[in-house]
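Peer 1: One file: input.txt (compact mmCIF, C-alpha atoms and all ligand atoms).
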# COMPACT_ATOMS: atom_id res chain seq x y z
CA MET A 1 103.59 128.41 29.68
CA ASN A 2 100.86 126.84 31.75
CA PHE A 3 101.28 129.53 34.29
CA ASP A 4 100.35 132.68 32.36
CA LEU A 5 96.99 132.68 34.00
CA PHE A 6 98.50 132.81 37.45
CA ASP A 7 99.44 136.42 36.84
CA ASP A 8 95.76 137.27 36.46
CA GLU A 9 94.43 135.31 39.37
CA ALA A 10 92.51 138.30 40.67
CA SER A 11 90.40 138.12 37.51
CA GLU A 12 89.79 134.37 37.88
CA PRO A 13 87.13 133.93 40.52
CA GLY A 14 87.67 130.86 42.67
CA LEU A 15 91.23 130.31 41.49
CA GLU A 16 93.79 130.78 44.30
CA THR A 17 97.49 130.25 43.88
CA ILE A 18 99.41 128.66 46.80
CA VAL A 19 102.72 128.93 44.95
CA ASP A 20 103.43 128.89 41.22
CA GLY A 21 102.17 125.48 40.04
CA ALA A 22 99.72 124.83 42.90
CA VAL A 23 96.20 126.18 42.38
CA VAL A 24 93.15 125.85 44.64
CA LEU A 25 89.76 125.78 42.94
CA ARG A 26 87.49 126.56 45.89
CA GLY A 27 84.27 124.57 45.83
CA PHE A 28 84.91 123.26 42.30
CA ALA A 29 83.41 119.84 43.18
CA THR A 30 80.72 120.92 45.66
CA GLY A 31 77.84 120.60 43.18
CA ILE A 32 78.67 116.96 42.40
CA SER A 33 79.83 115.97 45.89
CA GLY A 34 76.83 113.71 46.56
CA ALA A 35 77.49 111.80 43.34
CA LEU A 36 81.22 111.59 44.14
CA LEU A 37 80.49 110.12 47.58
CA ALA A 38 78.10 107.58 46.07
CA ALA A 39 80.82 106.61 43.59
CA ILE A 40 83.32 106.22 46.45
CA ASP A 41 80.88 103.82 48.16
CA GLN A 42 80.65 101.79 44.93
CA VAL A 43 84.41 101.56 44.64
CA ALA A 44 84.75 100.60 48.32
CA ALA A 45 82.09 97.89 47.92
CA LYS A 46 84.51 96.13 45.52
CA SER A 47 87.87 97.15 46.97
CA PRO A 48 87.34 97.98 50.65
CA PHE A 49 89.14 100.69 52.57
CA ARG A 50 92.15 99.29 54.42
CA HIS A 51 95.03 100.56 56.53
CA MET A 52 98.14 99.72 54.53
CA GLU A 53 101.49 98.96 56.10
CA THR A 54 104.52 101.14 55.43
CA PRO A 55 107.90 99.62 54.53
CA GLY A 56 108.93 100.51 58.10
CA GLY A 57 106.13 98.37 59.53
CA HIS A 58 103.73 101.11 60.64
CA SER A 59 100.04 101.08 59.81
CA MET A 60 98.89 104.19 57.94
CA SER A 61 96.35 106.21 59.90
CA ALA A 62 94.38 107.09 56.76
CA ALA A 63 92.41 104.18 55.29
CA MET A 64 92.85 103.81 51.52
CA THR A 65 91.42 102.24 48.43
CA CYS A 66 91.93 102.89 44.71
CA CYS A 67 90.23 102.81 41.35
CA GLY A 68 91.50 102.98 37.80
CA GLU A 69 93.95 100.86 35.84
CA LEU A 70 96.54 101.18 38.58
CA GLY A 71 96.35 101.50 42.34
CA TRP A 72 98.96 102.69 44.81
CA VAL A 73 99.98 100.15 47.43
CA THR A 74 102.45 99.98 50.28
CA ASP A 75 103.62 97.01 52.33
CA ARG A 76 106.88 95.77 53.85
CA ARG A 77 108.33 95.55 50.33
CA GLY A 78 107.85 99.24 49.55
CA TYR A 79 105.63 101.70 47.69
CA ARG A 80 104.45 101.02 44.15
CA TYR A 81 101.56 100.97 41.71
CA GLU A 82 99.84 97.66 41.02
CA ALA A 83 97.15 96.63 38.50
CA ARG A 84 95.53 94.35 41.10
CA ASP A 85 94.21 95.00 44.56
CA PRO A 86 96.31 92.80 46.88
CA VAL A 87 93.31 92.40 49.23
CA THR A 88 90.88 91.02 46.63
CA GLY A 89 93.35 89.66 44.08
CA GLN A 90 91.20 91.35 41.40
CA SER A 91 91.73 94.39 39.18
CA TRP A 92 90.99 97.67 40.93
CA PRO A 93 87.44 98.94 40.27
CA ARG A 94 87.05 101.01 37.12
CA MET A 95 87.45 104.76 37.43
CA PRO A 96 83.90 106.19 37.48
CA PRO A 97 83.33 108.46 34.42
CA LEU A 98 82.41 111.31 36.76
CA PHE A 99 85.89 111.08 38.35
CA LEU A 100 87.58 111.27 34.95
CA GLU A 101 85.52 114.29 33.91
CA LEU A 102 86.16 116.13 37.15
CA ALA A 103 89.91 115.49 37.05
CA SER A 104 90.26 116.57 33.46
CA GLU A 105 88.13 119.71 33.90
CA ALA A 106 89.99 120.76 37.03
CA ALA A 107 93.37 120.21 35.38
CA ALA A 108 92.25 122.23 32.35
CA ALA A 109 91.04 125.07 34.61
CA ALA A 110 94.58 125.20 36.01
CA GLY A 111 96.20 125.18 32.57
CA PHE A 112 96.89 121.45 32.08
CA ASP A 113 95.08 120.26 28.97
CA ASP A 114 94.42 116.60 28.18
CA PHE A 115 94.97 115.21 31.66
CA VAL A 116 93.88 111.54 31.59
CA PRO A 117 94.56 109.91 34.96
CA ASP A 118 94.98 106.13 35.14
CA ALA A 119 94.95 105.96 38.95
CA CYS A 120 92.78 107.44 41.69
CA LEU A 121 93.88 106.97 45.28
CA ILE A 122 91.06 107.47 47.79
CA ASN A 123 92.08 108.36 51.34
CA ARG A 124 89.63 108.26 54.25
CA TYR A 125 90.55 110.20 57.38
CA ARG A 126 88.84 109.96 60.75
CA ARG A 127 89.58 111.81 63.99
CA GLY A 128 93.29 111.45 64.66
CA SER A 129 94.27 110.45 61.09
CA LYS A 130 97.07 112.41 59.46
CA MET A 131 99.64 112.14 56.70
CA GLY A 132 103.18 113.23 57.41
CA LEU A 133 105.30 115.22 54.96
CA HIS A 134 106.21 113.07 51.94
CA GLN A 135 106.81 113.27 48.21
CA ASP A 136 104.70 111.54 45.56
CA ARG A 137 107.36 110.02 43.35
CA ASP A 138 106.12 106.56 42.40
CA GLU A 139 104.58 107.85 39.16
CA ARG A 140 106.39 107.62 35.83
CA ASP A 141 105.76 110.98 34.25
CA PHE A 142 106.29 114.04 36.42
CA SER A 143 105.16 116.37 33.63
CA GLN A 144 101.60 115.29 34.47
CA PRO A 145 99.85 117.12 37.31
CA ILE A 146 98.08 115.63 40.31
CA VAL A 147 94.49 116.67 41.00
CA SER A 148 93.24 116.43 44.58
CA VAL A 149 89.60 116.64 45.71
CA SER A 150 88.59 117.15 49.35
CA LEU A 151 85.21 115.95 50.63
CA GLY A 152 83.64 116.13 54.06
CA LEU A 153 85.34 117.47 57.17
CA PRO A 154 87.89 120.25 56.71
CA MET A 155 91.59 119.63 57.20
CA VAL A 156 94.79 121.64 57.11
CA PHE A 157 97.06 120.80 54.22
CA GLN A 158 100.81 121.38 54.50
CA PHE A 159 102.69 122.30 51.39
CA GLY A 160 106.46 122.32 51.58
CA GLY A 161 109.31 122.67 49.15
CA PRO A 162 111.53 120.27 47.24
CA ARG A 163 113.53 119.43 50.39
CA ARG A 164 112.10 117.80 53.51
CA GLY A 165 113.40 120.61 55.68
CA ASP A 166 111.68 123.40 53.71
CA ARG A 167 109.12 125.14 55.91
CA PRO A 168 105.61 124.21 54.73
CA VAL A 169 102.76 126.68 54.21
CA ARG A 170 99.41 125.67 55.66
CA VAL A 171 96.29 125.74 53.52
CA PRO A 172 92.87 124.89 54.95
CA LEU A 173 90.90 122.64 52.57
CA GLY A 174 87.17 122.08 52.85
CA HIS A 175 84.35 120.17 51.23
CA GLY A 176 84.43 120.45 47.45
CA ASP A 177 87.83 122.15 47.22
CA VAL A 178 90.03 120.91 44.38
CA VAL A 179 93.78 121.48 44.10
CA VAL A 180 95.93 121.00 41.01
CA TRP A 181 99.68 120.49 41.47
CA GLY A 182 102.01 120.47 38.52
CA GLY A 183 105.17 121.68 36.93
CA LYS A 184 108.04 122.47 39.22
CA VAL A 185 106.11 121.76 42.47
CA ARG A 186 105.02 118.29 41.39
CA ARG A 187 107.63 116.67 43.63
CA ASN A 188 107.32 119.02 46.60
CA TYR A 189 106.90 117.65 50.10
CA HIS A 190 103.32 117.77 51.38
CA GLY A 191 101.06 116.27 54.03
CA VAL A 192 97.99 116.89 56.13
CA LEU A 193 97.67 117.73 59.84
CA THR A 194 95.68 115.54 62.23
CA LEU A 195 91.95 115.52 61.52
CA LYS A 196 89.86 117.02 64.30
CA ALA A 197 86.58 115.46 65.39
CA GLY A 198 83.53 116.79 63.60
CA ASP A 199 80.25 115.89 62.00
CA HIS A 200 79.72 116.70 58.35
CA PRO A 201 76.20 116.51 56.87
CA LEU A 202 77.35 114.30 53.97
CA THR A 203 80.29 112.32 55.38
CA GLY A 204 79.71 112.24 59.15
CA ALA A 205 82.99 111.81 61.00
CA CYS A 206 85.13 111.49 57.86
CA ARG A 207 87.16 113.43 55.38
CA TYR A 208 87.80 111.84 51.98
CA ASN A 209 90.49 112.86 49.56
CA LEU A 210 90.70 111.75 45.96
CA THR A 211 94.05 112.12 44.20
CA PHE A 212 94.12 111.61 40.46
CA ARG A 213 97.42 110.61 38.95
CA LYS A 214 98.93 109.51 35.68
CA ALA A 215 100.96 106.71 37.21
CA GLY A 216 101.87 104.39 34.35
C1 LIG A 301 101.48 118.23 46.14
N1 LIG A 301 97.12 113.04 50.06
O1 LIG A 301 97.56 110.72 48.85
S1 LIG A 301 96.20 115.67 48.63
C2 LIG A 301 98.54 111.49 48.94
O2 LIG A 301 94.80 115.13 51.56
C3 LIG A 301 98.36 112.78 49.64
O3 LIG A 301 94.89 113.00 51.36
C4 LIG A 301 96.82 114.21 50.83
O4 LIG A 301 99.30 113.49 49.80
C5 LIG A 301 95.38 114.12 51.27
O5 LIG A 301 99.65 111.24 48.47
C6 LIG A 301 97.09 115.46 50.11
C7 LIG A 301 97.14 116.95 47.91
C8 LIG A 301 98.39 116.58 47.17
C9 LIG A 301 98.53 115.37 46.56
C10 LIG A 301 99.65 115.12 45.81
C11 LIG A 301 100.65 116.08 45.67
C12 LIG A 301 99.37 117.51 47.03
C13 LIG A 301 100.51 117.28 46.29
C14 LIG A 301 101.81 115.84 44.89
C15 LIG A 301 102.74 116.81 44.73
C16 LIG A 301 102.60 118.01 45.38
FE FE A 302 100.97 112.76 48.56
Kindly return the structure encoded in the file as C-alpha cells.

Peer 2:
Amino acid sequence: MNFDLFDDEASEPGLETIVDGAVVLRGFATGISGALLAAIDQVAAKSPFRHMETPGGHSMSAAMTCCGELGWVTDRRGYRYEARDPVTGQSWPRMPPLFLELASEAAAAAGFDDFVPDACLINRYRRGSKMGLHQDRDERDFSQPIVSVSLGLPMVFQFGGPRRGDRPVRVPLGHGDVVVWGGKVRRNYHGVLTLKAGDHPLTGACRYNLTFRKAG
C-alpha cells in the first residue's frame, strides 16, 4: 500500500523510482547540507571516524562513526549493533534533532509514516574508498525502511537484487540526494563503486553518507 504513489511518479517532482520500494529524492537535503555537515563534525568530535575491521580481518576503506541509541560495529567477532562506541567506551553521541527530522520527512515522502530511527551510521569516503555488494541484515525489523543521505562528492551506487549474483543497476548519487529503501527491497544487495578524486566546495575530498535505521 505504500507504493500507490509510485504509479504517479511523473506527477511527483523530484521523486524517482529505482525499482518498486527504492525512491530517490533528488536534492531533498541540499538546503540543510551545511547544518548536516556541522552536525557530523559534532558527532565525530565525540566518536571519531575509524576504519573498522571486518570479521575476515580486512580494514574497511570507508571510515565510519555512528550516532543514536545504537551504533553498527564490525570486528573479528562479526557485525552487530552496540549501545556503546568500542573506541571511547561511552554511549554513541545523541542523534541530532535535525537528523531525526530529515529521516522522518524523507521516509514520509516515500510513503513510510512514523519512521523513528534509533541508529545513524555515518560513512566517510575518500579517493579509492568503496563498499562492495552486501546486505543490511543486522537490524531487527525489516518492515522499517532505511533512509540514506549523500553529501559531498558524487558516487555511483549499485543496487542489486535479493541474491548476490543479481545484476545491479547503477545510480549516480550527488550532494543532497536522499534515498528511501523499504518493503520488498529492504534486504537487497547494494554497494558503492570506488570514489574518484574531486574537490567539493563543502566537503573537500570527501563524500559522506548517512544511513538511518531502526536497528533495535
Ligand atoms: C538498499 N552505505 O552503510 S547507502 C551501508 O553510500 C551502505 O555509504 C552505502 O550500504 C553508502 O550499509 C549505501 C544506500 C543504502 C543503504 C542501505 C540499504 C541502500 C540500501 C539497505 C537495503 C537496500
Ligand atoms: Fe548497506

Peer 1: Considering only C-alpha atoms and all ligand atoms, state which residue in the set A:Thr17, A:Ser129, A:Asn123, A:Ser59 is at the smallest distance from ligand FE 302 (chain A).

Peer 2: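 Answer, going by the shortest atom-to-atom distance: A:Asn123.
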
Peer 1: What does the structure give for the distance between atom CA of Pro168 of chain A and atom CA of His190 of chain A, in Å to one decimal?

Peer 2: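 Those two atoms sit 7.6 Å apart.
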
Peer 1: Which is closest to ligand FE 302 (chain A) among A:Val169, A:Leu133, A:Ala109, A:Ile122, if we use all atoms listed in the file?

Peer 2: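 Answer, going by the shortest atom-to-atom distance: A:Leu133.
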
Peer 1: May I have the centre and edge lengths, in Å to one decimal, of an axis-aligned box around the listed atoms of ligand LIG 301 (chain A) with 5 Å added to every side, as lines of an AutoDock Vina configuration file?

Peer 2:
center_x = 98.8
center_y = 114.5
center_z = 48.1
size_x = 17.9
size_y = 17.5
size_z = 16.8

Peer 1: Using only C-alpha atoms and all ligand atoms, can you tell me which of A:Ser91, A:Thr203, A:Gln135, A:Thr74 comes closest to ligand LIG 301 (chain A)?

Peer 2: A:Gln135

Peer 1: For a quick check of understanding, using only C-alpha atoms and all ligand atoms, which of A:Val87, A:Ile18, A:Leu102, A:Leu202 has the smallest distance to ligand LIG 301 (chain A)?

Peer 2: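 Nearest candidate to ligand LIG 301 (chain A) out of A:Val87, A:Ile18, A:Leu102, A:Leu202: A:Ile18.
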
Peer 1: Using all atoms listed in the file, tabulate the residues of chain A lying at most 8 Å from any atom of ligand LIG 301 (chain A), each with its closest atom pair and that distance in Å to one decimal, by chain and increasing residue number, as a tab-separated table.

Peer 2:
residue	atom	partner	partner_atom	distance
A:Ala22	CA	A:LIG301	C1	7.6
A:Leu121	CA	A:LIG301	O1	6.4
A:Ile122	CA	A:LIG301	O1	7.3
A:Asn123	CA	A:LIG301	O3	5.4
A:Arg124	CA	A:LIG301	O3	7.6
A:Tyr125	CA	A:LIG301	O3	7.9
A:Met131	CA	A:LIG301	C4	6.8
A:His134	CA	A:LIG301	O4	7.2
A:Gln135	CA	A:LIG301	C15	6.4
A:Asp136	CA	A:LIG301	C14	5.2
A:Pro145	CA	A:LIG301	C14	7.9
A:Ile146	CA	A:LIG301	C10	5.7
A:Val147	CA	A:LIG301	C9	7.0
A:Ser148	CA	A:LIG301	S1	5.1
A:Val149	CA	A:LIG301	S1	7.3
A:Ser150	CA	A:LIG301	O2	6.9
A:Met155	CA	A:LIG301	O2	7.9
A:Phe157	CA	A:LIG301	O2	6.7
A:Phe159	CA	A:LIG301	C1	6.8
A:Val179	CA	A:LIG301	C7	6.8
A:Val180	CA	A:LIG301	C12	7.8
A:Trp181	CA	A:LIG301	C16	5.5
A:Gly182	CA	A:LIG301	C15	7.2
A:Val185	CA	A:LIG301	C16	5.9
A:Arg186	CA	A:LIG301	C15	4.3
A:Arg187	CA	A:LIG301	C15	5.0
A:Asn188	CA	A:LIG301	C16	5.0
A:Tyr189	CA	A:LIG301	C16	6.4
A:His190	CA	A:LIG301	C1	5.6
A:Gly191	CA	A:LIG301	O4	5.4
A:Val192	CA	A:LIG301	O2	5.8
A:Tyr208	CA	A:LIG301	O3	7.2
A:Asn209	CA	A:LIG301	O3	4.8
A:Leu210	CA	A:LIG301	O3	6.9
A:Thr211	CA	A:LIG301	O1	6.0

Peer 1: Export segment 29-60 of chain A of the preceding structure, keeping N, CA, C and O atoms, as a PDB file, in the first residue's frame.

Peer 2:
ATOM      1  N   ALA A  29      17.985  17.075   0.668  1.00  0.00           N
ATOM      2  CA  ALA A  29      18.722  17.578   1.839  1.00  0.00           C
ATOM      3  C   ALA A  29      19.667  18.727   1.492  1.00  0.00           C
ATOM      4  O   ALA A  29      20.411  19.196   2.360  1.00  0.00           O
ATOM      5  N   THR A  30      19.653  19.204   0.252  1.00  0.00           N
ATOM      6  CA  THR A  30      20.640  20.217  -0.147  1.00  0.00           C
ATOM      7  C   THR A  30      20.536  21.476   0.706  1.00  0.00           C
ATOM      8  O   THR A  30      21.564  22.025   1.136  1.00  0.00           O
ATOM      9  N   GLY A  31      19.321  21.935   0.970  1.00  0.00           N
ATOM     10  CA  GLY A  31      19.125  23.184   1.708  1.00  0.00           C
ATOM     11  C   GLY A  31      19.665  23.149   3.125  1.00  0.00           C
ATOM     12  O   GLY A  31      20.002  24.194   3.690  1.00  0.00           O
ATOM     13  N   ILE A  32      19.750  21.968   3.722  1.00  0.00           N
ATOM     14  CA  ILE A  32      20.243  21.867   5.109  1.00  0.00           C
ATOM     15  C   ILE A  32      21.615  21.199   5.168  1.00  0.00           C
ATOM     16  O   ILE A  32      22.075  20.795   6.241  1.00  0.00           O
ATOM     17  N   SER A  33      22.289  21.107   3.997  1.00  0.00           N
ATOM     18  CA  SER A  33      23.527  20.316   3.971  1.00  0.00           C
ATOM     19  C   SER A  33      24.619  20.923   4.850  1.00  0.00           C
ATOM     20  O   SER A  33      25.398  20.186   5.470  1.00  0.00           O
ATOM     21  N   GLY A  34      24.682  22.253   4.927  1.00  0.00           N
ATOM     22  CA  GLY A  34      25.702  22.876   5.787  1.00  0.00           C
ATOM     23  C   GLY A  34      25.482  22.495   7.244  1.00  0.00           C
ATOM     24  O   GLY A  34      26.427  22.146   7.968  1.00  0.00           O
ATOM     25  N   ALA A  35      24.223  22.529   7.665  1.00  0.00           N
ATOM     26  CA  ALA A  35      23.893  22.165   9.050  1.00  0.00           C
ATOM     27  C   ALA A  35      24.141  20.676   9.294  1.00  0.00           C
ATOM     28  O   ALA A  35      24.595  20.278  10.377  1.00  0.00           O
ATOM     29  N   LEU A  36      23.878  19.846   8.293  1.00  0.00           N
ATOM     30  CA  LEU A  36      24.134  18.402   8.453  1.00  0.00           C
ATOM     31  C   LEU A  36      25.633  18.149   8.615  1.00  0.00           C
ATOM     32  O   LEU A  36      26.045  17.347   9.466  1.00  0.00           O
ATOM     33  N   LEU A  37      26.441  18.843   7.824  1.00  0.00           N
ATOM     34  CA  LEU A  37      27.899  18.639   7.917  1.00  0.00           C
ATOM     35  C   LEU A  37      28.431  19.130   9.254  1.00  0.00           C
ATOM     36  O   LEU A  37      29.315  18.494   9.850  1.00  0.00           O
ATOM     37  N   ALA A  38      27.885  20.232   9.757  1.00  0.00           N
ATOM     38  CA  ALA A  38      28.293  20.716  11.084  1.00  0.00           C
ATOM     39  C   ALA A  38      27.919  19.688  12.147  1.00  0.00           C
ATOM     40  O   ALA A  38      28.694  19.431  13.085  1.00  0.00           O
ATOM     41  N   ALA A  39      26.753  19.079  12.003  1.00  0.00           N
ATOM     42  CA  ALA A  39      26.324  18.059  12.972  1.00  0.00           C
ATOM     43  C   ALA A  39      27.211  16.816  12.883  1.00  0.00           C
ATOM     44  O   ALA A  39      27.515  16.194  13.914  1.00  0.00           O
ATOM     45  N   ILE A  40      27.639  16.462  11.680  1.00  0.00           N
ATOM     46  CA  ILE A  40      28.573  15.329  11.540  1.00  0.00           C
ATOM     47  C   ILE A  40      29.862  15.622  12.296  1.00  0.00           C
ATOM     48  O   ILE A  40      30.400  14.766  13.013  1.00  0.00           O
ATOM     49  N   ASP A  41      30.369  16.864  12.155  1.00  0.00           N
ATOM     50  CA  ASP A  41      31.605  17.237  12.871  1.00  0.00           C
ATOM     51  C   ASP A  41      31.418  17.106  14.378  1.00  0.00           C
ATOM     52  O   ASP A  41      32.341  16.677  15.091  1.00  0.00           O
ATOM     53  N   GLN A  42      30.238  17.480  14.871  1.00  0.00           N
ATOM     54  CA  GLN A  42      29.977  17.390  16.319  1.00  0.00           C
ATOM     55  C   GLN A  42      29.942  15.946  16.773  1.00  0.00           C
ATOM     56  O   GLN A  42      30.460  15.616  17.847  1.00  0.00           O
ATOM     57  N   VAL A  43      29.327  15.092  15.980  1.00  0.00           N
ATOM     58  CA  VAL A  43      29.308  13.667  16.320  1.00  0.00           C
ATOM     59  C   VAL A  43      30.739  13.130  16.330  1.00  0.00           C
ATOM     60  O   VAL A  43      31.168  12.446  17.275  1.00  0.00           O
ATOM     61  N   ALA A  44      31.504  13.478  15.282  1.00  0.00           N
ATOM     62  CA  ALA A  44      32.860  12.923  15.134  1.00  0.00           C
ATOM     63  C   ALA A  44      33.819  13.466  16.194  1.00  0.00           C
ATOM     64  O   ALA A  44      34.844  12.842  16.487  1.00  0.00           O
ATOM     65  N   ALA A  45      33.487  14.627  16.780  1.00  0.00           N
ATOM     66  CA  ALA A  45      34.315  15.152  17.871  1.00  0.00           C
ATOM     67  C   ALA A  45      34.205  14.252  19.106  1.00  0.00           C
ATOM     68  O   ALA A  45      35.127  14.173  19.915  1.00  0.00           O
ATOM     69  N   LYS A  46      33.064  13.569  19.248  1.00  0.00           N
ATOM     70  CA  LYS A  46      32.865  12.672  20.403  1.00  0.00           C
ATOM     71  C   LYS A  46      33.225  11.234  20.077  1.00  0.00           C
ATOM     72  O   LYS A  46      33.847  10.538  20.872  1.00  0.00           O
ATOM     73  N   SER A  47      32.776  10.779  18.924  1.00  0.00           N
ATOM     74  CA  SER A  47      33.074   9.415  18.461  1.00  0.00           C
ATOM     75  C   SER A  47      33.743   9.532  17.101  1.00  0.00           C
ATOM     76  O   SER A  47      33.087   9.698  16.082  1.00  0.00           O
ATOM     77  N   PRO A  48      35.072   9.484  17.084  1.00  0.00           N
ATOM     78  CA  PRO A  48      35.808   9.794  15.849  1.00  0.00           C
ATOM     79  C   PRO A  48      35.584   8.764  14.737  1.00  0.00           C
ATOM     80  O   PRO A  48      35.279   7.604  15.009  1.00  0.00           O
ATOM     81  N   PHE A  49      35.760   9.217  13.507  1.00  0.00           N
ATOM     82  CA  PHE A  49      35.763   8.293  12.378  1.00  0.00           C
ATOM     83  C   PHE A  49      36.902   7.294  12.561  1.00  0.00           C
ATOM     84  O   PHE A  49      37.992   7.641  12.977  1.00  0.00           O
ATOM     85  N   ARG A  50      36.610   6.040  12.200  1.00  0.00           N
ATOM     86  CA  ARG A  50      37.616   4.979  12.292  1.00  0.00           C
ATOM     87  C   ARG A  50      37.369   3.971  11.185  1.00  0.00           C
ATOM     88  O   ARG A  50      36.260   3.855  10.671  1.00  0.00           O
ATOM     89  N   HIS A  51      38.439   3.247  10.823  1.00  0.00           N
ATOM     90  CA  HIS A  51      38.315   2.182   9.832  1.00  0.00           C
ATOM     91  C   HIS A  51      38.129   0.878  10.589  1.00  0.00           C
ATOM     92  O   HIS A  51      39.060   0.376  11.208  1.00  0.00           O
ATOM     93  N   MET A  52      36.913   0.354  10.548  1.00  0.00           N
ATOM     94  CA  MET A  52      36.628  -0.864  11.319  1.00  0.00           C
ATOM     95  C   MET A  52      37.164  -2.084  10.583  1.00  0.00           C
ATOM     96  O   MET A  52      37.373  -2.068   9.374  1.00  0.00           O
ATOM     97  N   GLU A  53      37.336  -3.145  11.343  1.00  0.00           N
ATOM     98  CA  GLU A  53      37.862  -4.391  10.807  1.00  0.00           C
ATOM     99  C   GLU A  53      36.704  -5.349  10.517  1.00  0.00           C
ATOM    100  O   GLU A  53      35.771  -5.463  11.317  1.00  0.00           O
ATOM    101  N   THR A  54      36.772  -6.016   9.386  1.00  0.00           N
ATOM    102  CA  THR A  54      35.728  -6.996   9.056  1.00  0.00           C
ATOM    103  C   THR A  54      36.035  -8.310   9.782  1.00  0.00           C
ATOM    104  O   THR A  54      37.163  -8.535  10.237  1.00  0.00           O
ATOM    105  N   PRO A  55      35.030  -9.190   9.881  1.00  0.00           N
ATOM    106  CA  PRO A  55      35.279 -10.493  10.505  1.00  0.00           C
ATOM    107  C   PRO A  55      36.417 -11.248   9.810  1.00  0.00           C
ATOM    108  O   PRO A  55      37.146 -12.015  10.434  1.00  0.00           O
ATOM    109  N   GLY A  56      36.602 -10.975   8.499  1.00  0.00           N
ATOM    110  CA  GLY A  56      37.665 -11.633   7.750  1.00  0.00           C
ATOM    111  C   GLY A  56      39.037 -11.003   7.947  1.00  0.00           C
ATOM    112  O   GLY A  56      40.026 -11.471   7.379  1.00  0.00           O
ATOM    113  N   GLY A  57      39.106  -9.913   8.729  1.00  0.00           N
ATOM    114  CA  GLY A  57      40.391  -9.310   9.046  1.00  0.00           C
ATOM    115  C   GLY A  57      40.818  -8.185   8.125  1.00  0.00           C
ATOM    116  O   GLY A  57      41.943  -7.691   8.228  1.00  0.00           O
ATOM    117  N   HIS A  58      39.915  -7.736   7.236  1.00  0.00           N
ATOM    118  CA  HIS A  58      40.242  -6.597   6.369  1.00  0.00           C
ATOM    119  C   HIS A  58      39.799  -5.296   7.027  1.00  0.00           C
ATOM    120  O   HIS A  58      38.830  -5.277   7.787  1.00  0.00           O
ATOM    121  N   SER A  59      40.496  -4.223   6.692  1.00  0.00           N
ATOM    122  CA  SER A  59      40.093  -2.911   7.181  1.00  0.00           C
ATOM    123  C   SER A  59      39.145  -2.297   6.156  1.00  0.00           C
ATOM    124  O   SER A  59      39.417  -2.338   4.960  1.00  0.00           O
ATOM    125  N   MET A  60      38.021  -1.752   6.610  1.00  0.00           N
ATOM    126  CA  MET A  60      37.064  -1.159   5.669  1.00  0.00           C
ATOM    127  C   MET A  60      37.647   0.121   5.075  1.00  0.00           C
ATOM    128  O   MET A  60      38.275   0.907   5.795  1.00  0.00           O
TER     129      MET A  60
END
